[in-house]
Amino acid sequence: MSEAKSVAIIGAGPVGLAAAAHVLERGHRPIVLEAGSSVGHSVRQWSHVQLFSPWEYNIDRAAERLLAATGWNSPDPQHYPTGAELLESYLEPLAAKTALADHVHTSSRVTDISRAGFDKLKTKGRELAPFEIRYQNGQGPKVVKADAVIDASGTWHSPNPAGANGLPAIGETQAASRIAYGMPDVLGQDRARYAGKTVAVLGAGHSAIGTLTDLAAEVPETQPVWLLRGNDPAKAFGGGANDKLVARGELGAAFASLVAAGRIRVESEFRVSHITADGPRLTVATGAGSCCRQIVVDELIVATGFRPDLNFVRELRIQLDPAIECPVALAPLIDPNEHSCGTVRPHGARELAQAEPSFYFAGIKSYGRAPTFLMLTGYEQVRSIAADIAGDHEAAERVELVLPETGVCSRAAAPDASNCCGGPAPSTVDACCVEDANAKQQGKTGCGCAS
């Protein structure tokens, strides 16, 4: 065992608390800094949403060992929890009733990180200097020093804008009162805002189709409109019965049925450029002049994904993929422009480490702008990172995770989706495509076409 180290962990969500559990189990001291007033602050913003994965995929093993010592009753492993249940049955007891209680600091927003006595330019002796983490709480600015840092602060509070060029659409800021981001609770606390209105939802991921499905289940007068930047709605329908996460497959199938029945109006190849508040309504437009298309709606929900907030790490030596804004070594595994079978090869400290020694991104923030992050992936990340910090490099390199497959397989450059990854797998093989079937015949696990 190496000498005990202090490890600052930014964020007290599922992955941040899992990181703290692994660090503590390794005999080191976690310092968890959470910007929100309670643990799982971002999870509270989507507490109404049911997870696609059952409890068996949502509980970190080190965290489970800490909870077991308190007499905690583990939830039914096959039950699909909501965000609220994740908080109540797992995150809150983990933070309050285990040994982590003395290490979690809420209402502590990290503002800057550097090396004590070293600016970004200075190299000699840099790796020996502790990290200096500045944060803000109700008492004012604070400083804490640590030997290592794990940034698991997430991306929830940095949503992508509506503009198809990655910038806010012209007029988006001025129309903010009638625009929501992410996945508002359209059937619960936000029902009055959306019921009986024409509501456009921009995006093609699970947040968008989940919201559209809920809107279609509302009162008959509610008119959901799907704004899709691409030209193939079927890409959003998912893997159906082939998805090993059953709830995710069912959502895609249900959504496809609603679209086929005409319950959801589809506007494909709709790349938003302008948003105008026109009295009590919004005009959402794409293009300009004779190429302009526009729709008039009451509300707009932007579900185009998220991006990492990198402001507080600007004084560290960070290397990120220029497109995805994720660690460079991770980019080939998750780049949606190149290849996706819905699964990502398990990865850890080696892929997540930075040029700044002992600094790591983890959780959904490690994916940058890429989608399809699974909580279980984050748990494997921090298990590996904690081992690396402890000097147990063999454990850091070891893979201890097999991810569930989606049944979805696509290459952006493939002209014929039916031939993607060699085409559909033979009916006698449990695989998502031919390449995956071939890999499994060679004794490999995971999605064979993800390499």
# chains A, B, ... in the order shown; residues from 1 in each chain; ligands from 1

$ select_by_dssp --residues "range 191-370 of chain A" --states "alpha helix (DSSP H)" --output "number ranges by chain"
A: 191-194, 206-216, 246-260, 331-334, 349-352

$ write_last_selection --atoms "N, CA, C and O atoms" --output "compact mmCIF listing (two decimals), in the first residue's frame"
# COMPACT_ATOMS: atom_id res chain seq x y z
N ARG A 191 -46.49 20.03 -16.16
CA ARG A 191 -47.63 19.67 -17.01
C ARG A 191 -48.41 20.89 -17.50
O ARG A 191 -48.76 20.99 -18.68
N ALA A 192 -48.67 21.84 -16.60
CA ALA A 192 -49.48 22.99 -16.97
C ALA A 192 -48.81 23.82 -18.07
O ALA A 192 -49.50 24.47 -18.87
N ARG A 193 -47.50 23.78 -18.11
CA ARG A 193 -46.78 24.56 -19.11
C ARG A 193 -46.97 23.99 -20.51
O ARG A 193 -46.98 24.75 -21.49
N TYR A 194 -47.14 22.67 -20.63
CA TYR A 194 -47.14 22.02 -21.94
C TYR A 194 -48.48 21.44 -22.37
O TYR A 194 -48.72 21.27 -23.57
N HIS A 206 -32.29 9.79 -26.54
CA HIS A 206 -33.30 9.22 -25.66
C HIS A 206 -34.08 10.29 -24.90
O HIS A 206 -35.27 10.11 -24.62
N SER A 207 -33.44 11.41 -24.57
CA SER A 207 -34.17 12.48 -23.88
C SER A 207 -35.26 13.04 -24.78
O SER A 207 -36.39 13.29 -24.32
N ALA A 208 -34.94 13.23 -26.05
CA ALA A 208 -35.93 13.77 -26.98
C ALA A 208 -37.09 12.81 -27.19
O ALA A 208 -38.26 13.20 -27.10
N ILE A 209 -36.79 11.55 -27.46
CA ILE A 209 -37.89 10.62 -27.76
C ILE A 209 -38.69 10.30 -26.50
O ILE A 209 -39.90 10.05 -26.59
N GLY A 210 -38.05 10.33 -25.34
CA GLY A 210 -38.80 10.14 -24.10
C GLY A 210 -39.77 11.27 -23.86
O GLY A 210 -40.93 11.04 -23.46
N THR A 211 -39.33 12.49 -24.09
CA THR A 211 -40.20 13.66 -23.91
C THR A 211 -41.33 13.66 -24.92
O THR A 211 -42.50 13.93 -24.59
N LEU A 212 -41.03 13.34 -26.17
CA LEU A 212 -42.07 13.28 -27.20
C LEU A 212 -43.10 12.20 -26.88
O LEU A 212 -44.31 12.40 -27.08
N THR A 213 -42.63 11.07 -26.39
CA THR A 213 -43.55 9.99 -26.01
C THR A 213 -44.48 10.44 -24.90
O THR A 213 -45.69 10.17 -24.94
N ASP A 214 -43.94 11.14 -23.91
CA ASP A 214 -44.77 11.65 -22.82
C ASP A 214 -45.76 12.69 -23.31
O ASP A 214 -46.93 12.71 -22.91
N LEU A 215 -45.33 13.57 -24.20
CA LEU A 215 -46.24 14.59 -24.73
C LEU A 215 -47.38 13.96 -25.52
O LEU A 215 -48.53 14.41 -25.44
N ALA A 216 -47.07 12.90 -26.25
CA ALA A 216 -48.11 12.22 -27.03
C ALA A 216 -49.12 11.51 -26.13
O ALA A 216 -50.25 11.24 -26.54
N VAL A 246 -33.80 -3.72 -21.66
CA VAL A 246 -35.15 -3.91 -22.19
C VAL A 246 -35.95 -2.61 -22.22
O VAL A 246 -36.64 -2.31 -23.20
N ALA A 247 -35.85 -1.80 -21.17
CA ALA A 247 -36.64 -0.57 -21.11
C ALA A 247 -36.25 0.39 -22.22
O ALA A 247 -37.10 1.10 -22.77
N ARG A 248 -34.98 0.43 -22.56
CA ARG A 248 -34.53 1.29 -23.65
C ARG A 248 -35.08 0.81 -24.98
O ARG A 248 -35.53 1.61 -25.81
N GLY A 249 -35.05 -0.50 -25.19
CA GLY A 249 -35.59 -1.05 -26.42
C GLY A 249 -37.09 -0.81 -26.54
O GLY A 249 -37.60 -0.49 -27.61
N GLU A 250 -37.80 -0.94 -25.41
CA GLU A 250 -39.25 -0.72 -25.42
C GLU A 250 -39.60 0.73 -25.72
O GLU A 250 -40.59 1.01 -26.40
N LEU A 251 -38.79 1.67 -25.18
CA LEU A 251 -39.05 3.08 -25.45
C LEU A 251 -38.94 3.37 -26.94
O LEU A 251 -39.81 4.02 -27.53
N GLY A 252 -37.89 2.86 -27.58
CA GLY A 252 -37.73 3.08 -29.01
C GLY A 252 -38.86 2.49 -29.81
O GLY A 252 -39.35 3.11 -30.76
N ALA A 253 -39.31 1.30 -29.43
CA ALA A 253 -40.40 0.65 -30.15
C ALA A 253 -41.71 1.42 -29.98
O ALA A 253 -42.48 1.60 -30.95
N ALA A 254 -41.98 1.87 -28.76
CA ALA A 254 -43.20 2.64 -28.51
C ALA A 254 -43.19 3.96 -29.28
O ALA A 254 -44.20 4.38 -29.85
N PHE A 255 -42.03 4.58 -29.31
CA PHE A 255 -41.90 5.85 -30.03
C PHE A 255 -42.11 5.65 -31.53
O PHE A 255 -42.82 6.43 -32.18
N ALA A 256 -41.56 4.58 -32.08
CA ALA A 256 -41.75 4.29 -33.50
C ALA A 256 -43.22 4.11 -33.83
O ALA A 256 -43.70 4.57 -34.88
N SER A 257 -43.97 3.47 -32.93
CA SER A 257 -45.40 3.27 -33.16
C SER A 257 -46.16 4.59 -33.17
O SER A 257 -47.06 4.80 -33.98
N LEU A 258 -45.79 5.50 -32.27
CA LEU A 258 -46.45 6.80 -32.21
C LEU A 258 -46.19 7.61 -33.48
O LEU A 258 -47.09 8.26 -34.01
N VAL A 259 -44.95 7.53 -33.98
CA VAL A 259 -44.62 8.25 -35.22
C VAL A 259 -45.40 7.65 -36.40
O VAL A 259 -45.98 8.37 -37.21
N ALA A 260 -45.42 6.32 -36.45
CA ALA A 260 -46.13 5.65 -37.54
C ALA A 260 -47.62 5.96 -37.53
O ALA A 260 -48.26 6.04 -38.60
N ALA A 331 -11.39 9.01 -27.35
CA ALA A 331 -12.16 9.47 -28.52
C ALA A 331 -12.47 8.39 -29.53
O ALA A 331 -13.61 8.28 -29.99
N PRO A 332 -11.50 7.54 -29.94
CA PRO A 332 -11.83 6.53 -30.96
C PRO A 332 -12.88 5.52 -30.50
O PRO A 332 -13.54 4.89 -31.33
N LEU A 333 -13.06 5.37 -29.20
CA LEU A 333 -14.02 4.40 -28.69
C LEU A 333 -15.45 4.93 -28.67
O LEU A 333 -16.40 4.15 -28.63
N ILE A 334 -15.61 6.27 -28.69
CA ILE A 334 -16.94 6.83 -28.48
C ILE A 334 -17.36 7.81 -29.57
O ILE A 334 -18.49 8.32 -29.52
N ALA A 349 -8.15 4.20 -16.23
CA ALA A 349 -7.17 5.25 -15.99
C ALA A 349 -6.30 5.53 -17.21
O ALA A 349 -5.98 6.69 -17.50
N ARG A 350 -5.91 4.50 -17.93
CA ARG A 350 -5.02 4.70 -19.07
C ARG A 350 -5.65 5.62 -20.10
O ARG A 350 -5.00 6.52 -20.64
N GLU A 351 -6.93 5.44 -20.41
CA GLU A 351 -7.60 6.26 -21.42
C GLU A 351 -8.00 7.63 -20.87
O GLU A 351 -8.21 8.57 -21.65
N LEU A 352 -8.13 7.75 -19.56
CA LEU A 352 -8.68 8.97 -18.97
C LEU A 352 -7.61 9.91 -18.41
O LEU A 352 -7.91 11.06 -18.11

$ residues_around --residues "Glu127 in chain A" --least-positions-apart "2" --cutoff "10 Å" --atoms "only C-alpha atoms" --output "short mmCIF file (atom, residue, chain, number, x, y, z; two decimals) with C-alpha atoms, in the first residue's frame"
data_model
loop_
_atom_site.label_atom_id
_atom_site.label_comp_id
_atom_site.auth_asym_id
_atom_site.auth_seq_id
_atom_site.Cartn_x
_atom_site.Cartn_y
_atom_site.Cartn_z
CA ARG A 115 -0.78 23.34 -8.98
CA PHE A 118 2.95 26.55 -10.47
CA THR A 123 7.31 22.34 -15.78
CA LYS A 124 10.27 21.49 -13.52
CA GLY A 125 9.00 19.89 -10.31
CA ALA A 129 3.35 20.02 -6.24
CA PRO A 130 -0.12 19.36 -4.77
CA PHE A 131 -3.22 20.50 -6.58
CA ASP A 147 -2.51 14.89 -4.25
CA GLU A 356 -1.33 16.77 -15.89
CA PRO A 357 -0.18 13.87 -13.66
CA SER A 358 -2.80 12.57 -11.19
#

$ residues_around --residues "Ser89 in chain A" --least-positions-apart "6" --cutoff "10 Å" --atoms "only C-alpha atoms" --output "list in words"
Trp72, Asn73, Ser74, Pro75 and Pro81 of chain A

$ write_last_selection --atoms "all heavy atoms" --output "PDB file, in the first residue's frame"
ATOM      1  N   TRP A  72     -27.919  -1.803   5.150  1.00  0.00           N
ATOM      2  CA  TRP A  72     -28.727  -1.323   4.020  1.00  0.00           C
ATOM      3  C   TRP A  72     -29.365  -2.480   3.271  1.00  0.00           C
ATOM      4  O   TRP A  72     -28.757  -3.524   3.050  1.00  0.00           O
ATOM      5  CB  TRP A  72     -27.812  -0.539   3.096  1.00  0.00           C
ATOM      6  CG  TRP A  72     -28.366  -0.060   1.791  1.00  0.00           C
ATOM      7  CD1 TRP A  72     -29.258   0.948   1.600  1.00  0.00           C
ATOM      8  CD2 TRP A  72     -27.993  -0.529   0.488  1.00  0.00           C
ATOM      9  NE1 TRP A  72     -29.473   1.136   0.260  1.00  0.00           N
ATOM     10  CE2 TRP A  72     -28.714   0.244  -0.464  1.00  0.00           C
ATOM     11  CE3 TRP A  72     -27.137  -1.524   0.020  1.00  0.00           C
ATOM     12  CZ2 TRP A  72     -28.598   0.060  -1.827  1.00  0.00           C
ATOM     13  CZ3 TRP A  72     -27.019  -1.714  -1.351  1.00  0.00           C
ATOM     14  CH2 TRP A  72     -27.744  -0.937  -2.251  1.00  0.00           C
ATOM     15  N   ASN A  73     -30.611  -2.297   2.889  1.00  0.00           N
ATOM     16  CA  ASN A  73     -31.330  -3.299   2.099  1.00  0.00           C
ATOM     17  C   ASN A  73     -31.216  -2.946   0.620  1.00  0.00           C
ATOM     18  O   ASN A  73     -31.730  -1.922   0.162  1.00  0.00           O
ATOM     19  CB  ASN A  73     -32.805  -3.354   2.500  1.00  0.00           C
ATOM     20  CG  ASN A  73     -33.006  -3.928   3.883  1.00  0.00           C
ATOM     21  OD1 ASN A  73     -32.344  -4.895   4.253  1.00  0.00           O
ATOM     22  ND2 ASN A  73     -33.897  -3.322   4.661  1.00  0.00           N
ATOM     23  N   SER A  74     -30.547  -3.795  -0.120  1.00  0.00           N
ATOM     24  CA  SER A  74     -30.356  -3.548  -1.547  1.00  0.00           C
ATOM     25  C   SER A  74     -31.687  -3.647  -2.284  1.00  0.00           C
ATOM     26  O   SER A  74     -32.492  -4.542  -2.019  1.00  0.00           O
ATOM     27  CB  SER A  74     -29.377  -4.575  -2.119  1.00  0.00           C
ATOM     28  OG  SER A  74     -29.243  -4.407  -3.509  1.00  0.00           O
ATOM     29  N   PRO A  75     -31.946  -2.715  -3.232  1.00  0.00           N
ATOM     30  CA  PRO A  75     -33.198  -2.778  -4.007  1.00  0.00           C
ATOM     31  C   PRO A  75     -33.241  -4.027  -4.887  1.00  0.00           C
ATOM     32  O   PRO A  75     -32.218  -4.664  -5.147  1.00  0.00           O
ATOM     33  CB  PRO A  75     -33.152  -1.507  -4.854  1.00  0.00           C
ATOM     34  CG  PRO A  75     -32.128  -0.626  -4.220  1.00  0.00           C
ATOM     35  CD  PRO A  75     -31.135  -1.543  -3.593  1.00  0.00           C
ATOM     36  N   PRO A  81     -35.284   1.852 -11.603  1.00  0.00           N
ATOM     37  CA  PRO A  81     -35.584   2.990 -10.731  1.00  0.00           C
ATOM     38  C   PRO A  81     -35.771   4.286 -11.508  1.00  0.00           C
ATOM     39  O   PRO A  81     -35.288   4.444 -12.638  1.00  0.00           O
ATOM     40  CB  PRO A  81     -34.330   3.081  -9.852  1.00  0.00           C
ATOM     41  CG  PRO A  81     -33.231   2.585 -10.739  1.00  0.00           C
ATOM     42  CD  PRO A  81     -33.857   1.488 -11.574  1.00  0.00           C
TER      43      PRO A  81
END

$ residues_around --residues "range 198-200 of chain A" --least-positions-apart "6" --cutoff "7 Å" --atoms "only C-alpha atoms" --output "PDB file with C-alpha atoms, in the first residue's frame"
ATOM      1  CA  THR A 222     -51.289  18.562 -27.015  1.00  0.00           C
ATOM      2  CA  GLN A 223     -49.485  18.612 -30.368  1.00  0.00           C
ATOM      3  CA  PRO A 224     -45.890  17.328 -30.205  1.00  0.00           C
ATOM      4  CA  VAL A 225     -43.599  18.240 -33.092  1.00  0.00           C
ATOM      5  CA  TRP A 226     -40.302  16.419 -33.559  1.00  0.00           C
ATOM      6  CA  LEU A 227     -37.543  18.610 -34.994  1.00  0.00           C
ATOM      7  CA  VAL A 297     -45.174  26.606 -31.646  1.00  0.00           C
ATOM      8  CA  ASP A 298     -46.025  27.524 -28.084  1.00  0.00           C
ATOM      9  CA  GLU A 299     -42.963  25.956 -26.453  1.00  0.00           C
ATOM     10  CA  LEU A 300     -39.603  24.553 -27.523  1.00  0.00           C
ATOM     11  CA  ILE A 301     -37.688  21.811 -25.703  1.00  0.00           C
TER      12      ILE A 301
END

$ residues_around --residues "Gly140 in chain A" --least-positions-apart "6" --cutoff "12 Å" --atoms "only C-alpha atoms" --output "MDAnalysis selection string"
chainID A and resid 107:111 134

$ residues_around --residues "range 386-396 of chain A" --least-positions-apart "2" --cutoff "12 Å" --atoms "only C-alpha atoms" --output "PyMOL selection string"
chain A and resi 1-9+16+18-30+62+146-150+346-353+357-360+362+379-384+398-400

$ write_last_selection --atoms "N, CA and C atoms" --output "short mmCIF file (atom, residue, chain, number, x, y, z; two decimals), in the first residue's frame"
data_model
loop_
_atom_site.label_atom_id
_atom_site.label_comp_id
_atom_site.auth_asym_id
_atom_site.auth_seq_id
_atom_site.Cartn_x
_atom_site.Cartn_y
_atom_site.Cartn_z
N MET A 1 0.85 -1.19 0.00
CA MET A 1 0.00 0.00 0.00
C MET A 1 0.88 1.24 0.00
N SER A 2 0.62 2.15 -0.90
CA SER A 2 1.37 3.39 -0.96
C SER A 2 0.93 4.31 0.18
N GLU A 3 1.70 5.36 0.40
CA GLU A 3 1.38 6.32 1.45
C GLU A 3 0.01 6.93 1.18
N ALA A 4 -0.76 7.15 2.24
CA ALA A 4 -2.11 7.69 2.08
C ALA A 4 -2.08 9.03 1.37
N LYS A 5 -2.99 9.19 0.41
CA LYS A 5 -3.07 10.41 -0.37
C LYS A 5 -4.44 11.06 -0.19
N SER A 6 -4.49 12.34 -0.44
CA SER A 6 -5.77 13.04 -0.47
C SER A 6 -6.19 13.17 -1.93
N VAL A 7 -7.45 12.87 -2.19
CA VAL A 7 -7.98 12.88 -3.56
C VAL A 7 -9.22 13.76 -3.60
N ALA A 8 -9.13 14.87 -4.31
CA ALA A 8 -10.29 15.75 -4.49
C ALA A 8 -11.18 15.18 -5.58
N ILE A 9 -12.46 15.06 -5.29
CA ILE A 9 -13.43 14.52 -6.25
C ILE A 9 -14.49 15.60 -6.47
N GLY A 16 -19.24 10.30 -8.87
CA GLY A 16 -18.40 10.96 -7.88
C GLY A 16 -18.40 10.23 -6.55
N ALA A 18 -19.14 7.07 -6.12
CA ALA A 18 -18.47 5.79 -6.35
C ALA A 18 -16.96 5.97 -6.30
N ALA A 19 -16.47 7.06 -6.88
CA ALA A 19 -15.03 7.35 -6.83
C ALA A 19 -14.58 7.48 -5.38
N ALA A 20 -15.36 8.19 -4.57
CA ALA A 20 -15.01 8.36 -3.16
C ALA A 20 -14.97 7.02 -2.43
N ALA A 21 -15.92 6.14 -2.75
CA ALA A 21 -15.96 4.82 -2.12
C ALA A 21 -14.71 4.01 -2.47
N HIS A 22 -14.30 4.04 -3.72
CA HIS A 22 -13.11 3.30 -4.14
C HIS A 22 -11.83 3.90 -3.54
N VAL A 23 -11.76 5.22 -3.50
CA VAL A 23 -10.59 5.88 -2.90
C VAL A 23 -10.48 5.51 -1.42
N LEU A 24 -11.61 5.57 -0.73
CA LEU A 24 -11.62 5.23 0.69
C LEU A 24 -11.23 3.78 0.91
N GLU A 25 -11.72 2.89 0.07
CA GLU A 25 -11.42 1.47 0.19
C GLU A 25 -9.94 1.20 -0.05
N ARG A 26 -9.29 2.08 -0.80
CA ARG A 26 -7.87 1.95 -1.06
C ARG A 26 -7.00 2.55 0.06
N GLY A 27 -7.65 3.07 1.09
CA GLY A 27 -6.91 3.62 2.21
C GLY A 27 -6.52 5.07 2.05
N HIS A 28 -7.11 5.76 1.07
CA HIS A 28 -6.80 7.18 0.85
C HIS A 28 -7.97 8.05 1.32
N ARG A 29 -7.79 9.35 1.28
CA ARG A 29 -8.77 10.29 1.84
C ARG A 29 -9.47 11.04 0.72
N PRO A 30 -10.75 10.76 0.49
CA PRO A 30 -11.48 11.53 -0.52
C PRO A 30 -11.97 12.86 0.04
N ALA A 62 -17.99 -0.99 -4.75
CA ALA A 62 -17.36 -0.46 -3.54
C ALA A 62 -18.38 0.29 -2.69
N ALA A 146 -4.79 18.84 -2.63
CA ALA A 146 -4.95 17.40 -2.79
C ALA A 146 -3.82 16.85 -3.65
N ASP A 147 -3.55 15.56 -3.46
CA ASP A 147 -2.51 14.89 -4.25
C ASP A 147 -3.01 14.47 -5.63
N ALA A 148 -4.30 14.28 -5.76
CA ALA A 148 -4.89 13.87 -7.04
C ALA A 148 -6.28 14.48 -7.16
N VAL A 149 -6.78 14.56 -8.39
CA VAL A 149 -8.10 15.14 -8.64
C VAL A 149 -8.84 14.25 -9.63
N ILE A 150 -10.11 13.96 -9.32
CA ILE A 150 -11.02 13.27 -10.24
C ILE A 150 -12.18 14.21 -10.52
N PRO A 346 -14.92 -1.31 -22.26
CA PRO A 346 -14.60 -0.79 -20.93
C PRO A 346 -13.21 -0.18 -20.91
N HIS A 347 -13.07 0.91 -20.20
CA HIS A 347 -11.83 1.65 -20.18
C HIS A 347 -11.62 2.25 -18.80
N GLY A 348 -10.41 2.73 -18.55
CA GLY A 348 -10.12 3.24 -17.22
C GLY A 348 -9.04 4.30 -17.22
N ALA A 349 -8.15 4.20 -16.23
CA ALA A 349 -7.17 5.25 -15.99
C ALA A 349 -6.30 5.53 -17.21
N ARG A 350 -5.91 4.50 -17.93
CA ARG A 350 -5.02 4.70 -19.07
C ARG A 350 -5.65 5.62 -20.10
N GLU A 351 -6.93 5.44 -20.41
CA GLU A 351 -7.60 6.26 -21.42
C GLU A 351 -8.00 7.63 -20.87
N LEU A 352 -8.13 7.75 -19.56
CA LEU A 352 -8.68 8.97 -18.97
C LEU A 352 -7.61 9.91 -18.41
N ALA A 353 -6.38 9.41 -18.24
CA ALA A 353 -5.32 10.23 -17.67
C ALA A 353 -4.99 11.41 -18.58
N PRO A 357 -0.20 15.10 -14.45
CA PRO A 357 -0.18 13.87 -13.66
C PRO A 357 -1.18 13.90 -12.51
N SER A 358 -1.86 12.78 -12.31
CA SER A 358 -2.80 12.57 -11.19
C SER A 358 -4.10 13.36 -11.34
N PHE A 359 -4.40 13.83 -12.55
CA PHE A 359 -5.69 14.46 -12.82
C PHE A 359 -6.45 13.58 -13.81
N TYR A 360 -7.72 13.33 -13.54
CA TYR A 360 -8.53 12.45 -14.38
C TYR A 360 -9.93 13.03 -14.56
N ALA A 362 -13.81 11.76 -15.23
CA ALA A 362 -14.57 10.53 -15.06
C ALA A 362 -16.06 10.83 -15.21
N TYR A 379 -18.61 3.71 -13.20
CA TYR A 379 -18.15 2.96 -12.04
C TYR A 379 -16.86 2.21 -12.35
N GLU A 380 -16.77 1.64 -13.55
CA GLU A 380 -15.53 0.97 -13.94
C GLU A 380 -14.39 1.97 -14.09
N GLN A 381 -14.70 3.15 -14.60
CA GLN A 381 -13.67 4.19 -14.73
C GLN A 381 -13.04 4.51 -13.38
N VAL A 382 -13.88 4.79 -12.38
CA VAL A 382 -13.33 5.24 -11.10
C VAL A 382 -12.69 4.09 -10.31
N ARG A 383 -13.15 2.86 -10.54
CA ARG A 383 -12.44 1.72 -9.92
C ARG A 383 -11.01 1.69 -10.42
N SER A 384 -10.83 1.84 -11.73
CA SER A 384 -9.51 1.83 -12.33
C SER A 384 -8.68 3.04 -11.89
N ARG A 398 -6.75 -3.86 -15.43
CA ARG A 398 -7.65 -5.01 -15.53
C ARG A 398 -9.07 -4.56 -15.87
N VAL A 399 -9.73 -5.28 -16.74
CA VAL A 399 -11.12 -4.98 -17.11
C VAL A 399 -12.05 -5.82 -16.25
N GLU A 400 -12.96 -5.17 -15.56
CA GLU A 400 -13.89 -5.87 -14.68
C GLU A 400 -15.34 -5.58 -15.05
#

$ select_by_dssp --residues "range 1-57 of chain A" --states "strand (DSSP E or B)" --output "VMD selection string"
chain A and resid 6 to 10 29 to 33 50

$ atom_distance --atom1 "CA of Lys97 in chain A" --atom2 "CA of Leu67 in chain A"
7.7 Å

$ closest_residue --among "A:Gly205, A:Arg263, A:Val186, A:Ser158" --to "Pro220 in chain A" --atoms "only C-alpha atoms"
A:Arg263

$ atom_distance --atom1 "CA of Leu330 in chain A" --atom2 "CA of Phe361 in chain A"
10.9 Å

$ closest_residue --among "A:Leu121, A:Val328, A:Leu376, A:Ala175" --to "Glu315 in chain A" --atoms "only C-alpha atoms"
A:Leu121

$ atom_distance --atom1 "CA of Gln174 in chain A" --atom2 "CA of Val266 in chain A"
25.8 Å

$ closest_residue --among "A:Ser38, A:Asn160, A:Thr155, A:Ser114" --to "Arg317 in chain A" --atoms "only C-alpha atoms"
A:Ser114

$ closest_residue --among "A:Val49, A:Ala96, A:Ile295, A:Ile113" --to "Asn311 in chain A" --atoms "only C-alpha atoms"
A:Ile113

$ closest_residue --among "A:Ala116, A:Ala152, A:Ala261, A:Ala176" --to "Lys365 in chain A" --atoms "only C-alpha atoms"
A:Ala152

$ closest_residue --among "A:Arg281, A:Arg271, A:Arg61, A:Lys122" --to "Gly163 in chain A" --atoms "only C-alpha atoms"
A:Arg271

$ decode --residues "range 373-377 of chain A" --atoms "all heavy atoms" --output "short mmCIF file (atom, residue, chain, number, x, y, z; two decimals), in the first residue's frame"
data_model
loop_
_atom_site.label_atom_id
_atom_site.label_comp_id
_atom_site.auth_asym_id
_atom_site.auth_seq_id
_atom_site.Cartn_x
_atom_site.Cartn_y
_atom_site.Cartn_z
N PHE A 373 -23.55 7.48 -22.74
CA PHE A 373 -22.83 7.11 -21.52
C PHE A 373 -23.73 6.26 -20.63
O PHE A 373 -24.92 6.53 -20.47
CB PHE A 373 -22.40 8.37 -20.77
CG PHE A 373 -21.71 8.10 -19.46
CD1 PHE A 373 -20.37 7.75 -19.44
CD2 PHE A 373 -22.39 8.18 -18.26
CE1 PHE A 373 -19.72 7.49 -18.25
CE2 PHE A 373 -21.75 7.93 -17.06
CZ PHE A 373 -20.41 7.58 -17.06
N LEU A 374 -23.17 5.22 -20.04
CA LEU A 374 -23.88 4.38 -19.06
C LEU A 374 -23.23 4.54 -17.69
O LEU A 374 -22.01 4.61 -17.57
CB LEU A 374 -23.83 2.91 -19.47
CG LEU A 374 -24.65 2.49 -20.68
CD1 LEU A 374 -24.38 1.02 -21.01
CD2 LEU A 374 -26.13 2.72 -20.44
N MET A 375 -24.05 4.58 -16.65
CA MET A 375 -23.54 4.75 -15.29
C MET A 375 -22.51 3.68 -14.94
O MET A 375 -21.49 3.94 -14.29
CB MET A 375 -24.72 4.70 -14.31
CG MET A 375 -24.48 5.45 -13.01
SD MET A 375 -25.95 5.41 -11.96
CE MET A 375 -27.13 6.25 -12.99
N LEU A 376 -22.77 2.47 -15.41
CA LEU A 376 -21.88 1.36 -15.13
C LEU A 376 -20.49 1.62 -15.70
O LEU A 376 -19.47 1.22 -15.11
CB LEU A 376 -22.46 0.08 -15.73
CG LEU A 376 -21.97 -1.26 -15.19
CD1 LEU A 376 -22.29 -1.38 -13.71
CD2 LEU A 376 -22.63 -2.40 -15.95
N THR A 377 -20.41 2.30 -16.83
CA THR A 377 -19.13 2.68 -17.41
C THR A 377 -18.35 3.57 -16.45
O THR A 377 -17.14 3.41 -16.27
CB THR A 377 -19.34 3.41 -18.74
OG1 THR A 377 -20.07 2.57 -19.63
CG2 THR A 377 -18.02 3.78 -19.38
#
